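Presented below is the structure to which this report refers.
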Amino acid sequence: MAIEVFNRFENKYMLDTKTFEKICKVMDEHMILDGYCTNHQYYTISNIYYDTPDNSLIRESLSKPVYKEKLRLRAYGVPDIDTRVYLEIKKKFNGLVNKRRTVLRLDEAYDFLATSKKPELQNYMNEQVLNELDYFLNNYSLEPKVYIAYDRIAYFEKDNDDLRISFDTNIRTRRYDLSLEAGDYGERLLPDDVWLMEIKTSRAMPMWLCDMLTELQVYHSSFSKYGTEFERTLKKEKTLTKKENVYKFKSRQAV
């Protein structure tokens with residue numbers, strides 16, 4: 001059964017390219033690359049985030065509550081309609097992240113999301129997670145909101161598979177063509193020289209990692225891809241509304 005369940009703390013750090021390169025040298029001494037990252041090659045993760053018509057999930061998340069949750073559909077690369085993808089719920093309580101996901105074919109996922117009716121159980125699905133997703137979908141009225149993709153390099157510690165460190169770059173987003181099979185494109189979310197590093201573990205960080213962060217003066221930061229994209233969208237809408245109001249005001253004066 002292809003199912004992944006995570007309970008861990010996720011700490012995020014914003015890096016420039018020079019710091020990223022220094023950290024990668026340390027990673028190569030203590031950790032091993034993810035199987036998708038042969039010869040330090042990136043792999044692409046694409047997501048569609050779902051939210052209510054009034055964006056209540058992301059608005060609640062940005063208010064920094066003790067508990068928050070979100071739902072997304074995830075693929076690796078650009079899938080076909082019959083490719084197996086992940087439908088997952090991500091929850092956070094007091095800093096601890098719980099992620100529960102199950103495999104579905106992309107067409108099965110779309111049907112489930114559109115109708116809130118569980119697909120017929122297959123051996124690659126997880127029944128318990130399907131039930132949780134079913135409750136989530138029937139508790140909220142959800143619709144696709146934004147496509148977010150990025151290129152990733154990820155590491156695991158050699159003797160500790162609990163510890164995972166990933167580096168994301170070229171984060172791109174769009175609020176149109178909201179289907180994973182539509183292609184991998186969008187507007188850049190961050191400047192070229194910015195990398196997002198995430199350290200994910202349910203345990204304490206090893207000493208070599210703490211020493212590295214201290215030596216390179218890398219500090220924890222709060223960052224959400226969906227949250228940052230949503231705030232940028234709000235700013236664009238406010239700017240557009242202001243320009244429209246100015247135009248209407250000038251037009252009335254000219255009459």
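Residue numbering restarts at 1 in every chain; chains get A, B, ... in the order shown in the structure tokens, and ligands count up from 1 in that same order.
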
Using only C-alpha atoms, what does the table of range 37-119 of chain A residues within 8 Å of range 145-169 of chain A look like, with each row giving the shortest atom pair and its distance in Å to one decimal, sorted by chain and ascending number, as CSV?
residue,atom,partner,partner_atom,distance
A:Cys37,CA,A:Ile153,CA,6.2
A:His40,CA,A:Ile153,CA,7.0
A:Gln41,CA,A:Ile153,CA,7.0
A:Tyr42,CA,A:Arg152,CA,5.1
A:Tyr43,CA,A:Arg152,CA,5.4
A:Thr44,CA,A:Asp151,CA,4.5
A:Ile45,CA,A:Ala149,CA,5.5
A:Ser46,CA,A:Ala149,CA,4.2
A:Asn47,CA,A:Ile148,CA,5.2
A:Ile48,CA,A:Tyr147,CA,4.6
A:Tyr49,CA,A:Val146,CA,5.6
A:Tyr50,CA,A:Lys145,CA,5.4
A:Asp51,CA,A:Lys145,CA,6.2

Residues near range 216-233 of chain A, cut-off 7 Å, only C-alpha atoms, skip fewer than 6 positions along chain, as a ChimeraX atom specification: /A:11-14,58,62,189

Save the residues we just selected, N, CA, C and O atoms, as a CSV table (one decimal), in the first residue's frame?
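For reference, again.csv as written:
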chain,number,residue,atom,x,y,z
A,11,ASN,N,11.2,23.0,10.4
A,11,ASN,CA,11.8,24.3,10.5
A,11,ASN,C,12.3,24.8,9.2
A,11,ASN,O,12.9,24.1,8.4
A,12,LYS,N,12.0,26.1,8.9
A,12,LYS,CA,12.3,26.7,7.6
A,12,LYS,C,13.3,27.8,7.7
A,12,LYS,O,13.4,28.5,8.6
A,13,TYR,N,14.1,27.9,6.6
A,13,TYR,CA,15.2,28.9,6.6
A,13,TYR,C,15.3,29.4,5.2
A,13,TYR,O,15.3,28.7,4.2
A,14,MET,N,15.5,30.7,5.0
A,14,MET,CA,15.7,31.4,3.7
A,14,MET,C,17.2,31.6,3.5
A,14,MET,O,17.9,32.2,4.4
A,58,ILE,N,-6.7,29.4,4.3
A,58,ILE,CA,-5.4,30.1,4.3
A,58,ILE,C,-5.5,31.4,5.2
A,58,ILE,O,-4.6,31.8,5.8
A,62,LEU,N,-2.9,32.1,8.2
A,62,LEU,CA,-2.1,33.3,8.3
A,62,LEU,C,-2.3,34.0,9.6
A,62,LEU,O,-1.4,34.8,10.0
A,189,LEU,N,7.7,33.1,-7.5
A,189,LEU,CA,7.2,33.6,-6.1
A,189,LEU,C,8.3,34.3,-5.4
A,189,LEU,O,8.1,35.3,-4.7

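Closest approach to Tyr140 in chain A among A:Leu57, A:Leu180, A:Leu121, A:Ala204: A:Leu57, based on only C-alpha atoms.
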
Filtered DSSP result for range 44-230 of chain A, state helix (DSSP H, G or I), as a PyMOL selection string: chain A and resi 56-62+106-115+127-139+180-182+207-215+225-230

Enumerate, as a JSON list (two decimals) with N, CA and C atoms, in the first residue's frame, the complete set of residues in range 7-200 of chain A that a backbone-based DSSP assignment places in strand (DSSP E).
[["chain", "number", "residue", "atom", "x", "y", "z"],
["A", 7, "ASN", "N", 4.65, 12.62, 11.26],
["A", 7, "ASN", "CA", 4.48, 13.44, 12.45],
["A", 7, "ASN", "C", 5.85, 14.00, 12.78],
["A", 8, "ARG", "N", 6.03, 15.29, 12.55],
["A", 8, "ARG", "CA", 7.37, 15.84, 12.71],
["A", 8, "ARG", "C", 7.31, 17.35, 12.84],
["A", 9, "PHE", "N", 8.42, 17.92, 13.28],
["A", 9, "PHE", "CA", 8.58, 19.37, 13.30],
["A", 9, "PHE", "C", 9.27, 19.79, 12.02],
["A", 10, "GLU", "N", 8.82, 20.90, 11.46],
["A", 10, "GLU", "CA", 9.39, 21.40, 10.22],
["A", 10, "GLU", "C", 9.89, 22.83, 10.45],
["A", 11, "ASN", "N", 11.20, 23.02, 10.35],
["A", 11, "ASN", "CA", 11.80, 24.34, 10.52],
["A", 11, "ASN", "C", 12.27, 24.84, 9.16],
["A", 12, "LYS", "N", 11.98, 26.12, 8.87],
["A", 12, "LYS", "CA", 12.28, 26.68, 7.56],
["A", 12, "LYS", "C", 13.31, 27.79, 7.66],
["A", 13, "TYR", "N", 14.13, 27.91, 6.62],
["A", 13, "TYR", "CA", 15.21, 28.88, 6.58],
["A", 13, "TYR", "C", 15.32, 29.42, 5.15],
["A", 14, "MET", "N", 15.50, 30.74, 5.04],
["A", 14, "MET", "CA", 15.69, 31.36, 3.73],
["A", 14, "MET", "C", 17.19, 31.57, 3.51],
["A", 15, "LEU", "N", 17.70, 31.10, 2.37],
["A", 15, "LEU", "CA", 19.12, 31.13, 2.09],
["A", 15, "LEU", "C", 19.40, 31.88, 0.80],
["A", 31, "MET", "N", 24.95, 13.29, 5.01],
["A", 31, "MET", "CA", 23.66, 12.81, 4.56],
["A", 31, "MET", "C", 23.76, 12.22, 3.15],
["A", 32, "ILE", "N", 22.70, 11.56, 2.75],
["A", 32, "ILE", "CA", 22.65, 10.99, 1.40],
["A", 32, "ILE", "C", 21.49, 11.61, 0.64],
["A", 33, "LEU", "N", 21.65, 11.70, -0.67],
["A", 33, "LEU", "CA", 20.63, 12.31, -1.50],
["A", 33, "LEU", "C", 19.40, 11.42, -1.62],
["A", 43, "TYR", "N", 14.30, 17.46, -8.63],
["A", 43, "TYR", "CA", 13.05, 16.89, -9.13],
["A", 43, "TYR", "C", 11.94, 17.89, -8.83],
["A", 44, "THR", "N", 10.89, 17.83, -9.62],
["A", 44, "THR", "CA", 9.82, 18.81, -9.53],
["A", 44, "THR", "C", 8.62, 18.27, -8.77],
["A", 45, "ILE", "N", 8.12, 19.07, -7.86],
["A", 45, "ILE", "CA", 6.89, 18.77, -7.12],
["A", 45, "ILE", "C", 5.85, 19.80, -7.54],
["A", 46, "SER", "N", 4.67, 19.33, -7.93],
["A", 46, "SER", "CA", 3.59, 20.23, -8.31],
["A", 46, "SER", "C", 2.37, 19.98, -7.43],
["A", 47, "ASN", "N", 1.69, 21.04, -7.05],
["A", 47, "ASN", "CA", 0.57, 20.96, -6.12],
["A", 47, "ASN", "C", -0.59, 21.84, -6.57],
["A", 48, "ILE", "N", -1.78, 21.42, -6.24],
["A", 48, "ILE", "CA", -2.95, 22.30, -6.29],
["A", 48, "ILE", "C", -3.51, 22.37, -4.88],
["A", 49, "TYR", "N", -3.61, 23.59, -4.36],
["A", 49, "TYR", "CA", -4.18, 23.80, -3.03],
["A", 49, "TYR", "C", -5.67, 24.09, -3.16],
["A", 50, "TYR", "N", -6.43, 23.49, -2.27],
["A", 50, "TYR", "CA", -7.88, 23.67, -2.24],
["A", 50, "TYR", "C", -8.27, 24.49, -1.03],
["A", 51, "ASP", "N", -9.29, 25.32, -1.21],
["A", 51, "ASP", "CA", -9.73, 26.18, -0.12],
["A", 51, "ASP", "C", -11.22, 26.48, -0.31],
["A", 67, "TYR", "N", -3.84, 25.67, 16.01],
["A", 67, "TYR", "CA", -4.14, 24.55, 15.10],
["A", 67, "TYR", "C", -4.53, 25.10, 13.73],
["A", 68, "LYS", "N", -4.01, 24.50, 12.68],
["A", 68, "LYS", "CA", -4.42, 24.86, 11.33],
["A", 68, "LYS", "C", -4.31, 23.64, 10.42],
["A", 69, "GLU", "N", -5.01, 23.70, 9.29],
["A", 69, "GLU", "CA", -5.03, 22.57, 8.38],
["A", 69, "GLU", "C", -5.21, 23.04, 6.95],
["A", 70, "LYS", "N", -4.76, 22.20, 6.02],
["A", 70, "LYS", "CA", -4.92, 22.51, 4.60],
["A", 70, "LYS", "C", -5.00, 21.21, 3.81],
["A", 71, "LEU", "N", -5.48, 21.32, 2.59],
["A", 71, "LEU", "CA", -5.60, 20.15, 1.73],
["A", 71, "LEU", "C", -4.98, 20.46, 0.38],
["A", 72, "ARG", "N", -4.21, 19.52, -0.14],
["A", 72, "ARG", "CA", -3.58, 19.73, -1.44],
["A", 72, "ARG", "C", -3.50, 18.42, -2.22],
["A", 73, "LEU", "N", -3.42, 18.58, -3.51],
["A", 73, "LEU", "CA", -3.23, 17.47, -4.44],
["A", 73, "LEU", "C", -1.83, 17.60, -4.98],
["A", 74, "ARG", "N", -1.03, 16.52, -4.89],
["A", 74, "ARG", "CA", 0.39, 16.61, -5.20],
["A", 74, "ARG", "C", 0.81, 15.56, -6.21],
["A", 75, "ALA", "N", 1.69, 15.98, -7.12],
["A", 75, "ALA", "CA", 2.28, 15.07, -8.10],
["A", 75, "ALA", "C", 3.77, 15.36, -8.20],
["A", 76, "TYR", "N", 4.50, 14.40, -8.75],
["A", 76, "TYR", "CA", 5.92, 14.59, -9.01],
["A", 76, "TYR", "C", 6.08, 14.73, -10.51],
["A", 84, "ARG", "N", -0.65, 8.10, -10.91],
["A", 84, "ARG", "CA", -0.94, 8.07, -9.47],
["A", 84, "ARG", "C", -0.34, 9.30, -8.80],
["A", 85, "VAL", "N", -1.15, 9.97, -8.01],
["A", 85, "VAL", "CA", -0.77, 11.19, -7.33],
["A", 85, "VAL", "C", -1.12, 11.04, -5.85],
["A", 86, "TYR", "N", -0.86, 12.08, -5.08],
["A", 86, "TYR", "CA", -1.16, 12.07, -3.65],
["A", 86, "TYR", "C", -2.22, 13.12, -3.32],
["A", 87, "LEU", "N", -3.21, 12.71, -2.58],
["A", 87, "LEU", "CA", -4.16, 13.64, -1.99],
["A", 87, "LEU", "C", -3.90, 13.64, -0.49],
["A", 88, "GLU", "N", -3.63, 14.80, 0.06],
["A", 88, "GLU", "CA", -3.16, 14.81, 1.45],
["A", 88, "GLU", "C", -3.74, 15.96, 2.26],
["A", 89, "ILE", "N", -3.89, 15.65, 3.54],
["A", 89, "ILE", "CA", -4.26, 16.64, 4.54],
["A", 89, "ILE", "C", -3.01, 16.95, 5.36],
["A", 90, "LYS", "N", -2.75, 18.22, 5.53],
["A", 90, "LYS", "CA", -1.62, 18.65, 6.36],
["A", 90, "LYS", "C", -2.15, 19.47, 7.51],
["A", 91, "LYS", "N", -1.86, 19.02, 8.73],
["A", 91, "LYS", "CA", -2.31, 19.71, 9.93],
["A", 91, "LYS", "C", -1.11, 20.12, 10.76],
["A", 92, "LYS", "N", -1.27, 21.20, 11.51],
["A", 92, "LYS", "CA", -0.20, 21.67, 12.39],
["A", 92, "LYS", "C", -0.80, 22.09, 13.72],
["A", 93, "PHE", "N", -0.26, 21.51, 14.80],
["A", 93, "PHE", "CA", -0.74, 21.83, 16.14],
["A", 93, "PHE", "C", 0.46, 22.06, 17.04],
["A", 96, "LEU", "N", 3.86, 21.01, 15.72],
["A", 96, "LEU", "CA", 4.03, 19.65, 15.23],
["A", 96, "LEU", "C", 3.17, 19.44, 13.99],
["A", 97, "VAL", "N", 3.80, 19.02, 12.91],
["A", 97, "VAL", "CA", 3.11, 18.82, 11.64],
["A", 97, "VAL", "C", 2.70, 17.36, 11.50],
["A", 98, "ASN", "N", 1.43, 17.17, 11.18],
["A", 98, "ASN", "CA", 0.91, 15.83, 10.89],
["A", 98, "ASN", "C", 0.43, 15.82, 9.44],
["A", 99, "LYS", "N", 1.01, 14.96, 8.64],
["A", 99, "LYS", "CA", 0.62, 14.87, 7.24],
["A", 99, "LYS", "C", 0.15, 13.46, 6.95],
["A", 100, "ARG", "N", -1.05, 13.35, 6.40],
["A", 100, "ARG", "CA", -1.63, 12.05, 6.06],
["A", 100, "ARG", "C", -2.06, 12.09, 4.60],
["A", 101, "ARG", "N", -1.56, 11.14, 3.84],
["A", 101, "ARG", "CA", -1.87, 11.17, 2.42],
["A", 101, "ARG", "C", -2.06, 9.76, 1.87],
["A", 102, "THR", "N", -2.79, 9.69, 0.79],
["A", 102, "THR", "CA", -3.00, 8.41, 0.13],
["A", 102, "THR", "C", -2.83, 8.58, -1.37],
["A", 103, "VAL", "N", -2.48, 7.51, -2.02],
["A", 103, "VAL", "CA", -2.33, 7.50, -3.47],
["A", 103, "VAL", "C", -3.69, 7.34, -4.13],
["A", 104, "LEU", "N", -3.90, 8.10, -5.20],
["A", 104, "LEU", "CA", -5.07, 7.96, -6.05],
["A", 104, "LEU", "C", -4.61, 8.20, -7.50],
["A", 105, "ARG", "N", -5.35, 7.65, -8.45],
["A", 105, "ARG", "CA", -5.13, 8.10, -9.82],
["A", 105, "ARG", "C", -5.62, 9.53, -9.91],
["A", 143, "GLU", "N", -12.71, 24.31, -3.31],
["A", 143, "GLU", "CA", -12.50, 24.47, -4.75],
["A", 143, "GLU", "C", -11.01, 24.69, -4.98],
["A", 144, "PRO", "N", -10.51, 24.36, -6.18],
["A", 144, "PRO", "CA", -9.08, 24.60, -6.45],
["A", 144, "PRO", "C", -8.79, 26.09, -6.45],
["A", 145, "LYS", "N", -7.69, 26.46, -5.79],
["A", 145, "LYS", "CA", -7.37, 27.88, -5.65],
["A", 145, "LYS", "C", -6.09, 28.29, -6.35],
["A", 146, "VAL", "N", -5.03, 27.48, -6.20],
["A", 146, "VAL", "CA", -3.74, 27.91, -6.73],
["A", 146, "VAL", "C", -2.87, 26.70, -7.04],
["A", 147, "TYR", "N", -2.10, 26.83, -8.11],
["A", 147, "TYR", "CA", -1.10, 25.84, -8.49],
["A", 147, "TYR", "C", 0.24, 26.35, -7.98],
["A", 148, "ILE", "N", 0.98, 25.50, -7.28],
["A", 148, "ILE", "CA", 2.31, 25.85, -6.79],
["A", 148, "ILE", "C", 3.26, 24.70, -7.09],
["A", 149, "ALA", "N", 4.35, 25.01, -7.79],
["A", 149, "ALA", "CA", 5.36, 24.00, -8.12],
["A", 149, "ALA", "C", 6.74, 24.54, -7.77],
["A", 150, "TYR", "N", 7.67, 23.62, -7.59],
["A", 150, "TYR", "CA", 9.04, 24.02, -7.28],
["A", 150, "TYR", "C", 9.98, 22.86, -7.58],
["A", 151, "ASP", "N", 11.26, 23.20, -7.69],
["A", 151, "ASP", "CA", 12.30, 22.20, -7.92],
["A", 151, "ASP", "C", 13.01, 21.94, -6.60],
["A", 152, "ARG", "N", 13.27, 20.66, -6.31],
["A", 152, "ARG", "CA", 13.76, 20.28, -4.98],
["A", 152, "ARG", "C", 14.97, 19.37, -5.05],
["A", 153, "ILE", "N", 15.89, 19.61, -4.13],
["A", 153, "ILE", "CA", 16.94, 18.65, -3.79],
["A", 153, "ILE", "C", 16.72, 18.27, -2.34],
["A", 154, "ALA", "N", 16.76, 16.98, -2.04],
["A", 154, "ALA", "CA", 16.48, 16.52, -0.67],
["A", 154, "ALA", "C", 17.52, 15.52, -0.20],
["A", 155, "TYR", "N", 17.77, 15.54, 1.11],
["A", 155, "TYR", "CA", 18.74, 14.66, 1.73],
["A", 155, "TYR", "C", 18.11, 13.91, 2.91],
["A", 156, "PHE", "N", 18.65, 12.71, 3.17],
["A", 156, "PHE", "CA", 18.36, 11.95, 4.38],
["A", 156, "PHE", "C", 19.67, 11.74, 5.13],
["A", 157, "GLU", "N", 19.61, 11.73, 6.47],
["A", 157, "GLU", "CA", 20.82, 11.43, 7.23],
["A", 157, "GLU", "C", 21.15, 9.95, 7.09],
["A", 160, "ASN", "N", 19.96, 7.96, 10.16],
["A", 160, "ASN", "CA", 18.75, 8.46, 10.80],
["A", 160, "ASN", "C", 17.74, 8.84, 9.72],
["A", 161, "ASP", "N", 16.89, 7.90, 9.34],
["A", 161, "ASP", "CA", 15.94, 8.19, 8.26],
["A", 161, "ASP", "C", 14.80, 9.10, 8.72],
["A", 162, "ASP", "N", 14.80, 9.46, 10.00],
["A", 162, "ASP", "CA", 13.80, 10.41, 10.49],
["A", 162, "ASP", "C", 14.13, 11.83, 10.05],
["A", 163, "LEU", "N", 15.40, 12.13, 9.89],
["A", 163, "LEU", "CA", 15.83, 13.48, 9.54],
["A", 163, "LEU", "C", 15.86, 13.65, 8.02],
["A", 164, "ARG", "N", 15.18, 14.68, 7.56],
["A", 164, "ARG", "CA", 15.13, 15.00, 6.13],
["A", 164, "ARG", "C", 15.36, 16.50, 5.97],
["A", 165, "ILE", "N", 16.20, 16.87, 5.01],
["A", 165, "ILE", "CA", 16.46, 18.28, 4.72],
["A", 165, "ILE", "C", 16.25, 18.50, 3.23],
["A", 166, "SER", "N", 15.43, 19.47, 2.90],
["A", 166, "SER", "CA", 15.14, 19.74, 1.49],
["A", 166, "SER", "C", 15.45, 21.20, 1.17],
["A", 167, "PHE", "N", 15.75, 21.43, -0.12],
["A", 167, "PHE", "CA", 16.02, 22.77, -0.63],
["A", 167, "PHE", "C", 15.14, 22.99, -1.85],
["A", 168, "ASP", "N", 14.31, 24.02, -1.79],
["A", 168, "ASP", "CA", 13.38, 24.32, -2.88],
["A", 168, "ASP", "C", 13.80, 25.60, -3.58],
["A", 169, "THR", "N", 13.72, 25.58, -4.90],
["A", 169, "THR", "CA", 14.04, 26.76, -5.71],
["A", 169, "THR", "C", 13.06, 26.86, -6.86],
["A", 170, "ASN", "N", 13.08, 28.00, -7.53],
["A", 170, "ASN", "CA", 12.21, 28.22, -8.70],
["A", 170, "ASN", "C", 10.75, 27.93, -8.35],
["A", 171, "ILE", "N", 10.28, 28.50, -7.25],
["A", 171, "ILE", "CA", 8.89, 28.33, -6.85],
["A", 171, "ILE", "C", 8.02, 29.17, -7.79],
["A", 172, "ARG", "N", 7.07, 28.53, -8.46],
["A", 172, "ARG", "CA", 6.22, 29.24, -9.42],
["A", 172, "ARG", "C", 4.75, 28.92, -9.13],
["A", 173, "THR", "N", 3.89, 29.89, -9.41],
["A", 173, "THR", "CA", 2.49, 29.76, -9.05],
["A", 173, "THR", "C", 1.61, 30.29, -10.18],
["A", 174, "ARG", "N", 0.36, 29.83, -10.19],
["A", 174, "ARG", "CA", -0.65, 30.40, -11.08],
["A", 174, "ARG", "C", -2.03, 30.17, -10.48],
["A", 187, "GLU", "N", 4.14, 32.10, -12.39],
["A", 187, "GLU", "CA", 4.91, 33.28, -12.02],
["A", 187, "GLU", "C", 5.82, 32.96, -10.85],
["A", 188, "ARG", "N", 7.05, 33.47, -10.92],
["A", 188, "ARG", "CA", 8.01, 33.21, -9.85],
["A", 188, "ARG", "C", 7.53, 33.86, -8.55],
["A", 195, "TRP", "N", 16.69, 30.57, -1.66],
["A", 195, "TRP", "CA", 16.40, 29.15, -1.51],
["A", 195, "TRP", "C", 15.63, 28.93, -0.21],
["A", 196, "LEU", "N", 14.70, 28.03, -0.26],
["A", 196, "LEU", "CA", 13.97, 27.65, 0.95],
["A", 196, "LEU", "C", 14.50, 26.31, 1.44],
["A", 197, "MET", "N", 15.10, 26.31, 2.62],
["A", 197, "MET", "CA", 15.57, 25.07, 3.25],
["A", 197, "MET", "C", 14.58, 24.67, 4.33],
["A", 198, "GLU", "N", 14.22, 23.40, 4.35],
["A", 198, "GLU", "CA", 13.33, 22.87, 5.38],
["A", 198, "GLU", "C", 14.02, 21.70, 6.08],
["A", 199, "ILE", "N", 14.07, 21.76, 7.39],
["A", 199, "ILE", "CA", 14.61, 20.67, 8.21],
["A", 199, "ILE", "C", 13.43, 20.00, 8.88],
["A", 200, "LYS", "N", 13.25, 18.71, 8.61],
["A", 200, "LYS", "CA", 12.07, 17.98, 9.07],
["A", 200, "LYS", "C", 12.52, 16.79, 9.92]]

Pairwise distance for CA of Asp80 in chain A and CA of Thr115 in chain A, rounded to one decimal in Å: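 Result for CA of Asp80 in chain A versus CA of Thr115 in chain A: 20.6 Å, one decimal.
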